[in-house]
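Heads up, input-v7.txt below (compact mmCIF, C-alpha atoms):
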```txt
# COMPACT_ATOMS: atom_id res chain seq x y z
CA MET A 1348 42.05 28.10 -24.50
CA ASN A 1349 41.87 31.87 -23.85
CA ASN A 1350 42.40 33.64 -20.50
CA SER A 1351 38.68 34.20 -19.80
CA GLU A 1352 37.91 30.47 -20.06
CA LYS A 1353 40.83 29.65 -17.78
CA LYS A 1354 39.60 32.16 -15.16
CA ARG A 1355 36.06 30.77 -15.34
CA MET A 1356 37.28 27.18 -14.88
CA ASN A 1357 39.53 28.24 -12.01
CA GLY A 1358 36.63 30.03 -10.34
CA GLU A 1359 34.38 26.93 -10.59
CA ALA A 1360 37.14 24.75 -9.19
CA GLU A 1361 37.64 27.13 -6.25
CA GLU A 1362 33.90 27.05 -5.43
CA GLU A 1363 33.89 23.23 -5.45
CA ASN A 1364 36.98 23.16 -3.24
CA GLU A 1365 35.35 25.57 -0.78
CA GLU A 1366 32.27 23.31 -0.53
CA ASP A 1367 34.46 20.25 0.02
CA VAL A 1368 36.48 22.04 2.69
CA GLU A 1369 33.26 23.16 4.39
CA ASP A 1370 31.96 19.55 4.50
CA GLU A 1371 35.31 18.24 5.70
CA GLY A 1372 35.38 20.86 8.45
CA ARG A 1373 32.21 19.46 10.00
CA ASP A 1374 32.28 16.56 12.39
CA ALA A 1375 30.41 13.37 11.53
CA TRP A 1376 27.59 14.15 13.97
CA GLU A 1377 27.21 17.63 12.46
CA ARG A 1378 26.92 16.24 8.94
CA THR A 1379 24.32 13.71 10.15
CA TYR A 1380 22.09 16.38 11.68
CA THR A 1381 22.56 18.64 8.65
CA ASP A 1382 21.40 15.88 6.31
CA GLU A 1383 18.43 14.85 8.46
CA ARG A 1384 17.39 18.47 9.29
CA SER A 1385 16.08 17.31 12.65
CA TRP A 1386 15.35 20.87 13.80
CA GLU A 1387 12.36 20.89 11.44
CA ALA A 1388 10.67 18.33 13.75
CA LEU A 1389 10.23 20.95 16.50
CA GLU A 1390 7.42 23.39 17.22
CA GLU A 1391 6.58 25.99 19.85
CA ASP A 1392 3.98 25.36 22.50
CA GLU A 1393 1.66 27.95 24.06
CA SER A 1394 4.37 29.20 26.43
CA GLY A 1395 6.95 29.58 23.66
CA LEU A 1396 9.02 26.53 24.57
CA LEU A 1397 10.22 24.08 21.94
CA GLN A 1398 8.66 20.63 21.85
CA PRO A 1399 8.76 17.77 19.31
CA ILE A 1400 5.99 17.67 16.74
CA ASP A 1401 3.30 15.12 17.61
CA ASN A 1402 3.68 12.85 14.57
CA LYS A 1403 1.02 10.51 15.97
CA ALA A 1404 -1.63 13.24 15.87
CA ILE A 1405 -0.54 14.29 12.37
CA TYR A 1406 -0.73 10.71 11.11
CA HIS A 1407 -4.18 10.27 12.68
CA SER A 1408 -5.51 13.47 11.11
CA GLN A 1409 -4.21 12.40 7.67
CA TYR A 1410 -5.77 8.97 8.17
CA ARG A 1411 -9.13 10.44 9.16
CA ARG A 1412 -9.18 12.77 6.14
CA ARG A 1413 -8.49 9.82 3.83
CA LEU A 1414 -11.16 7.68 5.55
CA GLN A 1415 -13.78 10.44 5.40
CA SER A 1416 -13.09 11.15 1.71
CA LEU A 1417 -13.54 7.44 0.90
CA SER A 1418 -16.75 7.18 2.89
CA ALA A 1419 -18.12 10.38 1.30
CA ALA A 1420 -17.45 8.99 -2.16
CA SER A 1421 -19.14 5.72 -1.25
CA ALA A 1422 -22.16 7.50 0.23
CA ALA A 1423 -22.61 9.70 -2.83
CA SER A 1424 -23.15 6.66 -5.02
CA ARG A 1425 -23.39 2.97 -4.37
CA ILE A 1426 -19.92 1.82 -5.44
CA GLN A 1427 -19.24 -1.83 -6.13
CA LYS A 1428 -15.70 -2.86 -5.23
CA GLY A 1429 -13.59 -5.62 -6.66
CA LEU A 1430 -12.90 -8.28 -4.05
CA ILE A 1431 -10.97 -10.68 -6.31
CA ARG A 1432 -8.05 -8.65 -7.66
CA PHE A 1433 -5.13 -9.67 -9.85
CA LEU A 1434 -2.45 -7.01 -9.43
CA CYS A 1435 0.89 -6.77 -11.24
CA VAL A 1436 3.37 -4.51 -9.44
CA VAL A 1437 5.98 -3.13 -11.87
CA VAL A 1438 9.16 -1.85 -10.20
CA ASP A 1439 11.52 0.35 -12.22
CA LEU A 1440 15.07 -0.75 -11.37
CA SER A 1441 16.83 1.20 -14.12
CA LYS A 1442 19.83 3.39 -13.36
CA ALA A 1443 17.41 6.17 -12.32
CA ALA A 1444 16.47 4.06 -9.26
CA GLY A 1445 20.00 4.60 -7.94
CA GLU A 1446 19.45 8.33 -7.45
CA MET A 1447 19.86 9.44 -3.84
CA ASP A 1448 17.22 12.18 -3.60
CA PHE A 1449 15.34 9.62 -1.49
CA LYS A 1450 17.64 8.50 1.35
CA PRO A 1451 19.59 6.26 1.08
CA SER A 1452 18.40 5.72 -2.52
CA ARG A 1453 15.21 5.38 -4.50
CA MET A 1454 15.77 1.63 -4.84
CA ALA A 1455 16.11 1.14 -1.07
CA VAL A 1456 12.99 3.21 -0.35
CA ILE A 1457 10.98 1.32 -2.99
CA ALA A 1458 12.06 -2.09 -1.65
CA LYS A 1459 11.22 -1.09 1.93
CA HIS A 1460 7.72 0.16 1.20
CA VAL A 1461 6.83 -2.46 -1.42
CA GLU A 1462 7.41 -5.08 1.26
CA ALA A 1463 4.98 -3.28 3.60
CA PHE A 1464 2.53 -2.80 0.73
CA ILE A 1465 2.49 -6.51 -0.17
CA ARG A 1466 1.68 -7.49 3.42
CA GLU A 1467 -1.02 -4.81 3.69
CA PHE A 1468 -2.49 -5.83 0.32
CA PHE A 1469 -2.98 -9.47 1.31
CA ASP A 1470 -4.33 -8.41 4.71
CA GLN A 1471 -7.07 -6.34 3.04
CA ASN A 1472 -7.54 -8.56 -0.03
CA PRO A 1473 -7.32 -12.20 1.10
CA LEU A 1474 -8.87 -13.52 -2.13
CA SER A 1475 -6.53 -11.58 -4.43
CA GLN A 1476 -3.16 -12.34 -6.04
CA ILE A 1477 -0.03 -10.34 -6.84
CA GLY A 1478 2.70 -10.72 -9.45
CA LEU A 1479 6.00 -8.80 -9.54
CA VAL A 1480 7.68 -7.38 -12.66
CA ILE A 1481 10.96 -5.42 -12.79
CA ILE A 1482 12.36 -3.14 -15.53
CA LYS A 1483 16.11 -3.20 -15.99
CA ASP A 1484 18.48 -2.70 -18.95
CA GLY A 1485 15.54 -1.85 -21.22
CA VAL A 1486 13.90 -5.24 -20.59
CA ALA A 1487 10.89 -6.21 -18.49
CA GLN A 1488 11.35 -9.38 -16.44
CA SER A 1489 8.71 -11.34 -14.52
CA LEU A 1490 9.98 -11.93 -10.98
CA THR A 1491 7.01 -13.88 -9.63
CA GLU A 1492 3.85 -15.26 -11.15
CA LEU A 1493 0.43 -14.33 -9.80
CA GLY A 1494 0.12 -15.88 -6.35
CA GLY A 1495 -1.12 -15.37 -2.81
CA SER A 1496 2.09 -15.85 -0.79
CA PRO A 1497 3.53 -12.54 0.47
CA GLU A 1498 6.76 -14.17 1.66
CA ALA A 1499 7.51 -15.60 -1.79
CA HIS A 1500 7.06 -12.19 -3.46
CA ILE A 1501 9.17 -10.35 -0.89
CA LYS A 1502 11.98 -12.90 -1.04
CA ALA A 1503 12.12 -12.77 -4.85
CA LEU A 1504 12.26 -8.95 -4.85
CA MET A 1505 15.05 -8.72 -2.27
CA VAL A 1506 17.20 -11.19 -4.24
CA LYS A 1507 16.94 -9.19 -7.49
CA LEU A 1508 17.64 -5.71 -6.07
CA GLY A 1509 20.10 -3.77 -8.20
CA CYS A 1510 19.67 -0.96 -10.73
CA SER A 1511 21.20 -0.65 -14.21
CA GLY A 1512 20.44 0.43 -17.75
CA ASP A 1513 17.42 2.25 -19.17
CA SER A 1514 13.71 1.82 -18.50
CA SER A 1515 11.18 0.57 -21.05
CA LEU A 1516 7.56 1.23 -20.16
CA GLN A 1517 6.26 -0.45 -23.32
CA ASN A 1518 8.03 -3.73 -22.60
CA ALA A 1519 6.55 -3.74 -19.09
CA LEU A 1520 3.04 -3.10 -20.40
CA GLU A 1521 3.38 -5.87 -23.00
CA LEU A 1522 4.47 -8.32 -20.29
CA VAL A 1523 1.66 -7.50 -17.86
CA HIS A 1524 -0.87 -7.56 -20.72
CA ASP A 1525 0.18 -11.09 -21.64
CA THR A 1526 -0.18 -12.07 -17.98
CA LEU A 1527 -3.51 -10.41 -17.14
CA HIS A 1528 -5.58 -10.69 -20.32
CA LYS A 1529 -6.14 -14.41 -19.54
CA ILE A 1530 -7.77 -13.63 -16.17
CA PRO A 1531 -11.47 -14.62 -15.97
CA SER A 1532 -14.11 -11.92 -16.22
CA TYR A 1533 -14.83 -11.93 -12.47
CA GLY A 1534 -11.22 -10.96 -11.69
CA HIS A 1535 -10.20 -7.30 -11.60
CA ARG A 1536 -7.05 -6.69 -13.64
CA GLU A 1537 -4.81 -4.01 -12.18
CA VAL A 1538 -1.28 -2.72 -12.81
CA LEU A 1539 0.69 -0.57 -10.37
CA ILE A 1540 3.89 0.95 -11.80
CA LEU A 1541 6.57 2.47 -9.53
CA TYR A 1542 8.49 4.56 -12.05
CA SER A 1543 11.81 6.28 -11.34
CA ALA A 1544 13.07 7.26 -14.80
CA LEU A 1545 12.34 10.46 -16.73
CA SER A 1546 12.17 8.71 -20.10
CA THR A 1547 11.27 5.38 -21.67
CA CYS A 1548 13.30 3.50 -24.28
CA ASP A 1549 10.73 1.49 -26.27
CA PRO A 1550 11.07 -0.82 -29.28
CA GLY A 1551 7.78 0.25 -30.89
CA ASP A 1552 4.76 2.54 -30.62
CA ILE A 1553 3.78 2.72 -26.94
CA MET A 1554 0.44 4.36 -27.83
CA GLU A 1555 -0.67 1.15 -29.53
CA THR A 1556 0.31 -0.81 -26.41
CA ILE A 1557 -1.72 1.57 -24.23
CA GLN A 1558 -4.78 1.04 -26.40
CA LYS A 1559 -4.25 -2.72 -26.19
CA CYS A 1560 -4.21 -2.49 -22.37
CA LYS A 1561 -7.36 -0.38 -22.44
CA LYS A 1562 -9.11 -2.93 -24.65
CA ALA A 1563 -8.11 -5.73 -22.26
CA LYS A 1564 -9.70 -3.79 -19.34
CA LEU A 1565 -6.42 -3.26 -17.46
CA ARG A 1566 -6.53 -0.50 -14.85
CA CYS A 1567 -3.02 1.01 -14.88
CA SER A 1568 -1.82 3.34 -12.10
CA VAL A 1569 1.59 4.99 -11.81
CA ILE A 1570 3.49 6.44 -8.85
CA GLY A 1571 6.40 8.54 -10.08
CA LEU A 1572 9.55 9.21 -8.09
CA SER A 1573 10.74 11.97 -10.42
CA ALA A 1574 8.98 14.67 -12.45
CA GLU A 1575 5.61 14.16 -14.15
CA MET A 1576 5.68 12.46 -17.56
CA PHE A 1577 3.04 12.86 -20.25
CA VAL A 1578 3.12 9.21 -21.33
CA CYS A 1579 2.43 8.02 -17.77
CA LYS A 1580 -0.41 10.51 -17.36
CA HIS A 1581 -1.89 9.47 -20.71
CA LEU A 1582 -1.67 5.79 -19.74
CA CYS A 1583 -3.59 6.35 -16.50
CA GLN A 1584 -6.24 8.51 -18.16
CA GLU A 1585 -6.89 5.94 -20.89
CA THR A 1586 -7.12 2.94 -18.55
CA GLY A 1587 -8.95 4.60 -15.62
CA GLY A 1588 -6.04 4.53 -13.18
CA SER A 1589 -4.39 7.25 -11.11
CA TYR A 1590 -1.08 9.04 -11.59
CA MET A 1591 0.71 10.72 -8.69
CA VAL A 1592 4.27 11.93 -8.10
CA ALA A 1593 5.81 11.33 -4.67
CA LEU A 1594 7.30 14.40 -2.97
CA ASP A 1595 9.25 12.53 -0.30
CA GLU A 1596 9.43 9.12 1.37
CA GLY A 1597 6.42 9.72 3.62
CA HIS A 1598 4.32 10.86 0.67
CA PHE A 1599 5.45 7.84 -1.37
CA LYS A 1600 4.37 5.48 1.42
CA GLU A 1601 0.97 7.16 1.65
CA LEU A 1602 0.42 6.99 -2.13
CA LEU A 1603 1.45 3.33 -2.23
CA LEU A 1604 -0.84 2.24 0.61
CA GLU A 1605 -3.80 3.96 -1.06
CA HIS A 1606 -3.76 1.11 -3.60
CA ALA A 1607 -4.19 -1.57 -0.92
CA PRO A 1608 -8.00 -1.26 -0.41
CA PRO A 1609 -10.20 -2.54 -3.26
CA PRO A 1610 -10.88 0.20 -5.83
CA PRO A 1611 -14.31 0.85 -7.37
CA ALA A 1612 -15.16 -1.74 -10.00
CA LEU A 1613 -15.26 -0.80 -13.66
CA ALA A 1614 -18.70 -0.83 -15.29
CA GLU A 1615 -17.81 -3.95 -17.30
CA PHE A 1616 -17.05 -5.87 -14.09
CA ALA A 1617 -20.02 -4.58 -12.07
CA ILE A 1618 -22.24 -7.45 -13.25
CA ALA A 1619 -22.83 -10.10 -10.60
CA ASN A 1620 -21.19 -13.44 -11.38
CA LEU A 1621 -21.41 -16.85 -9.73
CA ILE A 1622 -17.92 -18.24 -9.14
CA LYS A 1623 -17.14 -21.89 -8.53
CA MET A 1624 -14.80 -22.24 -5.56
CA GLY A 1625 -13.28 -25.20 -3.81
CA PHE A 1626 -12.36 -25.50 -0.14
CA PRO A 1627 -9.35 -27.85 -0.03
CA GLN A 1628 -8.28 -29.88 2.98
CA ARG A 1629 -4.80 -29.69 4.44
CA ALA A 1630 -2.58 -32.59 3.44
CA ALA A 1631 -1.88 -35.22 6.09
CA GLU A 1632 1.43 -35.01 7.95
CA GLY A 1633 4.11 -37.26 6.51
CA SER A 1634 2.36 -37.75 3.16
CA ILE A 1635 4.53 -37.31 0.07
CA ALA A 1636 3.14 -35.78 -3.14
CA ILE A 1637 4.29 -33.64 -6.06
CA CYS A 1638 3.29 -29.99 -5.71
CA SER A 1639 1.54 -28.70 -8.84
CA CYS A 1640 2.87 -25.17 -8.21
CA HIS A 1641 6.61 -25.91 -8.08
CA ARG A 1642 6.59 -29.42 -9.60
CA GLU A 1643 8.56 -30.74 -6.62
CA ALA A 1644 8.00 -33.59 -4.20
CA LYS A 1645 7.03 -32.25 -0.76
CA VAL A 1646 6.31 -33.99 2.52
CA GLY A 1647 3.21 -33.07 4.51
CA GLU A 1648 2.83 -29.56 3.08
CA GLY A 1649 0.05 -27.90 1.16
CA TYR A 1650 -3.60 -28.54 0.38
CA ILE A 1651 -5.52 -31.08 -1.72
CA CYS A 1652 -7.86 -29.88 -4.48
CA PRO A 1653 -11.35 -31.30 -3.81
CA ARG A 1654 -12.01 -31.84 -7.54
CA CYS A 1655 -8.86 -33.41 -9.02
CA LYS A 1656 -6.93 -34.23 -5.80
CA ALA A 1657 -3.86 -32.24 -6.93
CA ARG A 1658 -1.49 -30.79 -4.30
CA VAL A 1659 -1.03 -27.01 -4.01
CA CYS A 1660 1.25 -25.08 -1.64
CA GLU A 1661 -0.76 -22.00 -0.73
CA LEU A 1662 -4.19 -20.42 -0.72
CA PRO A 1663 -5.84 -18.64 -2.45
CA THR A 1664 -4.80 -19.97 -5.84
CA GLU A 1665 -6.13 -21.64 -8.96
CA CYS A 1666 -5.63 -25.34 -9.51
CA ARG A 1667 -3.15 -25.87 -12.33
CA PHE A 1668 -4.97 -29.00 -13.56
CA CYS A 1669 -8.73 -28.42 -13.29
CA GLY A 1670 -8.78 -24.60 -13.03
CA LEU A 1671 -10.89 -24.53 -9.84
CA THR A 1672 -10.44 -21.46 -7.61
CA LEU A 1673 -9.19 -22.70 -4.23
CA VAL A 1674 -9.83 -20.63 -1.09
CA SER A 1675 -10.36 -21.14 2.63
CA SER A 1676 -13.33 -20.04 4.71
CA PRO A 1677 -11.29 -17.46 6.70
CA HIS A 1678 -10.46 -15.75 3.39
CA LEU A 1679 -14.15 -15.28 2.63
CA ALA A 1680 -14.85 -14.06 6.17
CA ARG A 1681 -12.05 -11.47 5.96
CA SER A 1682 -13.43 -10.18 2.65
CA TYR A 1683 -16.84 -9.52 4.23
CA HIS A 1684 -15.85 -6.19 5.81
CA HIS A 1685 -15.41 -4.54 2.39
CA LEU A 1686 -19.10 -5.09 1.69
CA PHE A 1687 -20.24 -3.44 4.96
CA PRO A 1688 -17.47 -1.12 6.20
CA ILE A 1689 -17.65 0.69 9.53
CA GLU A 1690 -18.66 4.32 9.37
CA PRO A 1691 -15.89 6.79 10.32
CA PHE A 1692 -15.97 7.83 13.97
CA THR A 1693 -16.65 11.47 14.79
CA GLU A 1694 -13.70 13.39 16.17
CA VAL A 1695 -14.15 14.59 19.76
CA SER A 1696 -12.20 17.60 20.94
CA ALA A 1697 -10.74 17.92 24.42
CA ARG A 1698 -13.39 20.51 25.33
CA GLN A 1699 -16.26 18.24 24.24
CA LEU A 1700 -14.85 15.34 26.25
CA GLU A 1701 -14.58 17.49 29.39
CA LEU A 1702 -18.19 18.68 29.05
CA SER A 1703 -19.52 15.17 28.38
CA ARG A 1704 -21.40 13.34 31.14
CA VAL A 1705 -19.36 10.18 30.77
CA ALA A 1706 -18.18 9.17 34.23
CA SER A 1707 -15.15 7.17 33.07
CA LYS A 1708 -12.77 9.05 30.79
CA THR A 1709 -11.24 5.86 29.41
CA CYS A 1710 -11.08 4.30 25.94
CA PHE A 1711 -13.80 1.67 25.50
CA GLY A 1712 -11.42 -0.48 23.46
CA CYS A 1713 -8.13 -0.65 25.37
CA ARG A 1714 -9.39 0.83 28.68
CA GLU A 1715 -6.53 3.34 28.70
CA SER A 1716 -7.19 6.81 30.11
CA LEU A 1717 -8.13 9.52 27.62
CA LEU A 1718 -6.50 12.14 29.85
CA THR A 1719 -3.01 13.41 29.08
CA PRO A 1720 -0.51 12.02 31.64
CA GLY A 1721 0.74 14.60 34.13
CA THR A 1722 -1.81 17.31 33.26
CA ASN A 1723 -5.12 15.39 33.67
CA LYS A 1724 -6.42 17.31 30.66
CA ALA A 1725 -8.57 15.55 28.09
CA GLY A 1726 -6.77 14.60 24.88
CA PRO A 1727 -8.20 14.12 21.39
CA CYS A 1728 -10.32 11.03 20.80
CA ALA A 1729 -13.10 9.69 18.56
CA ALA A 1730 -16.65 8.48 19.18
CA CYS A 1731 -18.78 5.92 17.38
CA THR A 1732 -21.85 7.47 15.76
CA LYS A 1733 -24.07 4.51 16.78
CA CYS A 1734 -23.07 3.35 20.26
CA LYS A 1735 -21.60 6.77 21.34
CA GLN A 1736 -18.59 5.09 22.97
CA TYR A 1737 -15.25 6.91 23.11
CA PHE A 1738 -12.04 5.48 21.63
CA CYS A 1739 -8.44 6.67 21.63
CA LEU A 1740 -6.64 7.47 18.37
CA ASP A 1741 -4.82 4.13 18.25
CA CYS A 1742 -8.01 2.13 18.71
CA ASP A 1743 -9.78 4.24 16.08
CA ILE A 1744 -7.17 3.26 13.48
CA TYR A 1745 -7.05 -0.37 14.65
CA ILE A 1746 -10.85 -0.75 14.46
CA HIS A 1747 -11.12 0.62 10.93
CA GLU A 1748 -7.99 -0.97 9.45
CA SER A 1749 -7.75 -4.37 11.17
CA LEU A 1750 -10.72 -5.26 13.41
CA HIS A 1751 -13.54 -3.96 11.13
CA ASN A 1752 -16.03 -4.25 14.02
CA CYS A 1753 -16.92 -1.67 16.66
CA PRO A 1754 -16.49 -3.18 20.18
CA GLY A 1755 -19.20 -0.88 21.53
CA CYS A 1756 -21.79 -1.92 18.96
CA GLU A 1757 -20.88 -5.60 19.32
CA SER A 1758 -21.22 -5.45 23.13
CA ARG A 1759 -24.72 -3.99 22.78
CA ARG A 1760 -25.71 -6.96 20.59
CA ILE A 1761 -24.33 -9.49 23.06
CA THR A 1762 -25.77 -7.96 26.25
CA PRO A 1763 -29.52 -8.66 25.60
CA ALA A 1764 -28.77 -12.31 24.75
CA ALA A 1765 -26.69 -12.73 27.89
CA ALA A 1766 -29.47 -11.12 29.98
CA SER A 1767 -32.11 -13.49 28.59
CA VAL A 1768 -29.93 -16.50 29.42
CA THR A 1769 -29.45 -15.21 32.95
CA MET A 1770 -33.19 -14.72 33.50
CA SER A 1771 -34.04 -18.19 32.23
```

Can you dump the structure from the file as structure tokens?
Amino acid sequence: MNNSEKKRMNGEAEEENEEDVEDEGRDAWERTYTDERSWEALEEDESGLLQPIDNKAIYHSQYRRRLQSLSAASAASRIQKGLIRFLCVVVDLSKAAGEMDFKPSRMAVIAKHVEAFIREFFDQNPLSQIGLVIIKDGVAQSLTELGGSPEAHIKALMVKLGCSGDSSLQNALELVHDTLHKIPSYGHREVLILYSALSTCDPGDIMETIQKCKKAKLRCSVIGLSAEMFVCKHLCQETGGSYMVALDEGHFKELLLEHAPPPPALAEFAIANLIKMGFPQRAAEGSIAICSCHREAKVGEGYICPRCKARVCELPTECRFCGLTLVSSPHLARSYHHLFPIEPFTEVSARQLELSRVASKTCFGCRESLLTPGTNKAGPCAACTKCKQYFCLDCDIYIHESLHNCPGCESRRITPAAASVTMS
């Protein structure tokens, strides 16, 4: 080793030592604030004073932009949506998932938001089913079969957390293809891949597997946690899915939740089909029967298939013996709002609210004041385009995401009937 190489190595070692000394010189609370960069959450007000950024208003504006873009797309053309979805969520748990560019790690962030996504998915798609697949050590493994129990999926994922080995996209696609190609024609076959690696270690030609997925009418979407990959982009283009790369944890959460509402149906699935469904009764308390799902004897749990009298644990599902689709009436009622969604409310500025002739400046939903506490100035709100009632930001989101009915419009429908009863 010559003198120049020794000097270069000594210089690199000195720089690393200086960085270590600088980190060790900070207190624990200083290192915490440096990592979180909390000063970026401040902004100046009109008088030049610092105040925290209103994350609630930012979230509401992002939500409204997403809602308006969806409604504009639906208004441009009559889009038929898939209400009975069969979704396979593929989670990459290779060694790349252990990277800590997402705090505390990619794996922890994925597990946290997949749990929220599963609950949101079943809330918006009560007739649909999810299956979980993980990629680890170059092998794709099925965690859970297609089913409608969010707790079962979440529990299975949390038990298997741990990253190791390489990622194999082809093995994952082969596994989900074998699972979804048996789905009946009325079911919408979807794959959502959460991919952390920058490469894929495959046993064969992945292009042939992509064409096989395309032929089986699988809609494959990918959310990347690293740089963009050509093979992922090609997969999504061929199968009609979407490919996005998450910039940070907040962006990853937003991209993931965009897959919760039903997507537009493919042309092959847009044909109306009549589906045989059964409405099972709950099993009597204390009765003992073997569950067809888990092949175990259970006491007083589950539902009885109206056709073959088999016992199942959860709804919605498909009877393992006679193949009848089993649902409950609340599931059908909750799916109704996707057929006739509420139009987005118009945003009302503080100036418009002050000039309005409304006597009571309160939210029609929660009856809270629309005035900012302490200043008595009007804050931002939204108004229904039909009944012209004002709602706060929280009620606007709650009405469109959970309630799916406008309280103002519903009260106008009830009032004439109540008046006629009173007069009679």

inquiry  = Env of Cys1652 of chain A: 9 Å cut, atoms = only C-alpha atoms, seq-sep filter 5 positions within chain, self excluded. Answer as a VMD selection string.
reply    = chain A and resid 1625 to 1628 1657 to 1659 1666 1669 1671 1673

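Counting from atom CA of Cys1638 of chain A, the distance to atom CA of Leu1662 of chain A is 13.1 Å.
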
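With distances taken over all atoms listed in the file, A:Ser1543 is the one residue among A:Gln1584, A:Ser1543, A:Thr1672, A:Gln1476 lying closest to Val1456 of chain A.
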
message = Applying 12 Å and all atoms listed in the file, which residues near Tyr1745 of chain A remain after dropping the ones on its own chain fewer than 4 positions away? List them as a ChimeraX atom specification.
response = /A:1407,1410,1689,1712-1713,1738-1741,1749-1754

request  = May I have the residues at most 6 Å from (11.8, 12.2, -14.5) in the file's coordinates, counting only C-alpha atoms, as a list of chain:residue names?
outcome  =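 All residues meeting the 6 Å criterion around (11.8, 12.2, -14.5) are A:Ala1544, A:Leu1545, A:Ser1573, A:Ala1574.
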
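Proximity to Met1554 of chain A was assessed for A:His1581, A:Lys1645, A:His1500, A:Arg1698 counting only C-alpha atoms; the smallest distance is recorded for A:His1581.
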
task = Using all atoms listed in the file, pick whichever of A:Leu1539, A:Met1624, A:Cys1734, A:Leu1516 has the shortest atom-to-atom distance to Gly1485 of chain A.
result = A:Leu1516

task = Could you please determine the separation between atom CA of Cys1579 of chain A and atom CA of Asp1439 of chain A in Å, to one decimal place?
result = 13.1 Å

ask   = For Leu1527 of chain A, which of A:Leu1565, A:Ala1458, A:Val1436, A:Ala1503 is the closest residue, counting only C-alpha atoms?
value = A:Leu1565

task = Go through A:Lys1724, A:Val1437, A:Thr1732, A:Arg1681 and flag the residue nearest Leu1702 of chain A, using all atoms listed in the file for the distances.
result =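 Ranking A:Lys1724, A:Val1437, A:Thr1732, A:Arg1681 by distance to Leu1702 of chain A, first place goes to A:Lys1724.
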
message = My list of candidates is A:Ile1622, A:Leu1541, A:Ser1496, A:Phe1711. Which is closest to Tyr1590 of chain A when distances are computed with only C-alpha atoms?
response =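 Of A:Ile1622, A:Leu1541, A:Ser1496, A:Phe1711, the one nearest Tyr1590 of chain A, counting only C-alpha atoms, is A:Leu1541.
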
When you get a chance, write out all heavy atoms for segment 1453-1457 of chain A, as an mmCIF file, in the coordinates of the input.
```
data_model
loop_
_atom_site.group_PDB
_atom_site.id
_atom_site.type_symbol
_atom_site.label_atom_id
_atom_site.label_comp_id
_atom_site.auth_asym_id
_atom_site.auth_seq_id
_atom_site.Cartn_x
_atom_site.Cartn_y
_atom_site.Cartn_z
ATOM 1 N N ARG A 1453 16.574 5.694 -4.084
ATOM 2 C CA ARG A 1453 15.210 5.380 -4.500
ATOM 3 C C ARG A 1453 14.951 3.877 -4.427
ATOM 4 O O ARG A 1453 13.878 3.446 -4.004
ATOM 5 C CB ARG A 1453 14.982 5.864 -5.939
ATOM 6 C CG ARG A 1453 14.980 7.368 -6.115
ATOM 7 C CD ARG A 1453 14.744 7.735 -7.573
ATOM 8 N NE ARG A 1453 14.796 9.180 -7.794
ATOM 9 C CZ ARG A 1453 14.696 9.753 -8.976
ATOM 10 N NH1 ARG A 1453 14.532 8.995 -10.056
ATOM 11 N NH2 ARG A 1453 14.767 11.059 -9.104
ATOM 12 N N MET A 1454 15.942 3.085 -4.844
ATOM 13 C CA MET A 1454 15.770 1.630 -4.840
ATOM 14 C C MET A 1454 15.532 1.099 -3.435
ATOM 15 O O MET A 1454 14.662 0.241 -3.227
ATOM 16 C CB MET A 1454 17.010 0.973 -5.452
ATOM 17 C CG MET A 1454 16.935 -0.538 -5.539
ATOM 18 S SD MET A 1454 18.429 -1.261 -6.220
ATOM 19 C CE MET A 1454 19.606 -0.824 -4.929
ATOM 20 N N ALA A 1455 16.276 1.601 -2.452
ATOM 21 C CA ALA A 1455 16.110 1.140 -1.070
ATOM 22 C C ALA A 1455 14.741 1.534 -0.517
ATOM 23 O O ALA A 1455 14.081 0.743 0.173
ATOM 24 C CB ALA A 1455 17.226 1.690 -0.198
ATOM 25 N N VAL A 1456 14.297 2.746 -0.830
ATOM 26 C CA VAL A 1456 12.990 3.210 -0.350
ATOM 27 C C VAL A 1456 11.876 2.390 -0.999
ATOM 28 O O VAL A 1456 10.906 1.989 -0.333
ATOM 29 C CB VAL A 1456 12.828 4.715 -0.642
ATOM 30 C CG1 VAL A 1456 11.400 5.165 -0.370
ATOM 31 C CG2 VAL A 1456 13.790 5.530 0.201
ATOM 32 N N ILE A 1457 12.001 2.118 -2.296
ATOM 33 C CA ILE A 1457 10.980 1.320 -2.990
ATOM 34 C C ILE A 1457 10.898 -0.079 -2.399
ATOM 35 O O ILE A 1457 9.811 -0.589 -2.110
ATOM 36 C CB ILE A 1457 11.294 1.257 -4.495
ATOM 37 C CG1 ILE A 1457 11.050 2.617 -5.147
ATOM 38 C CG2 ILE A 1457 10.430 0.198 -5.179
ATOM 39 C CD1 ILE A 1457 11.471 2.669 -6.601
#
```
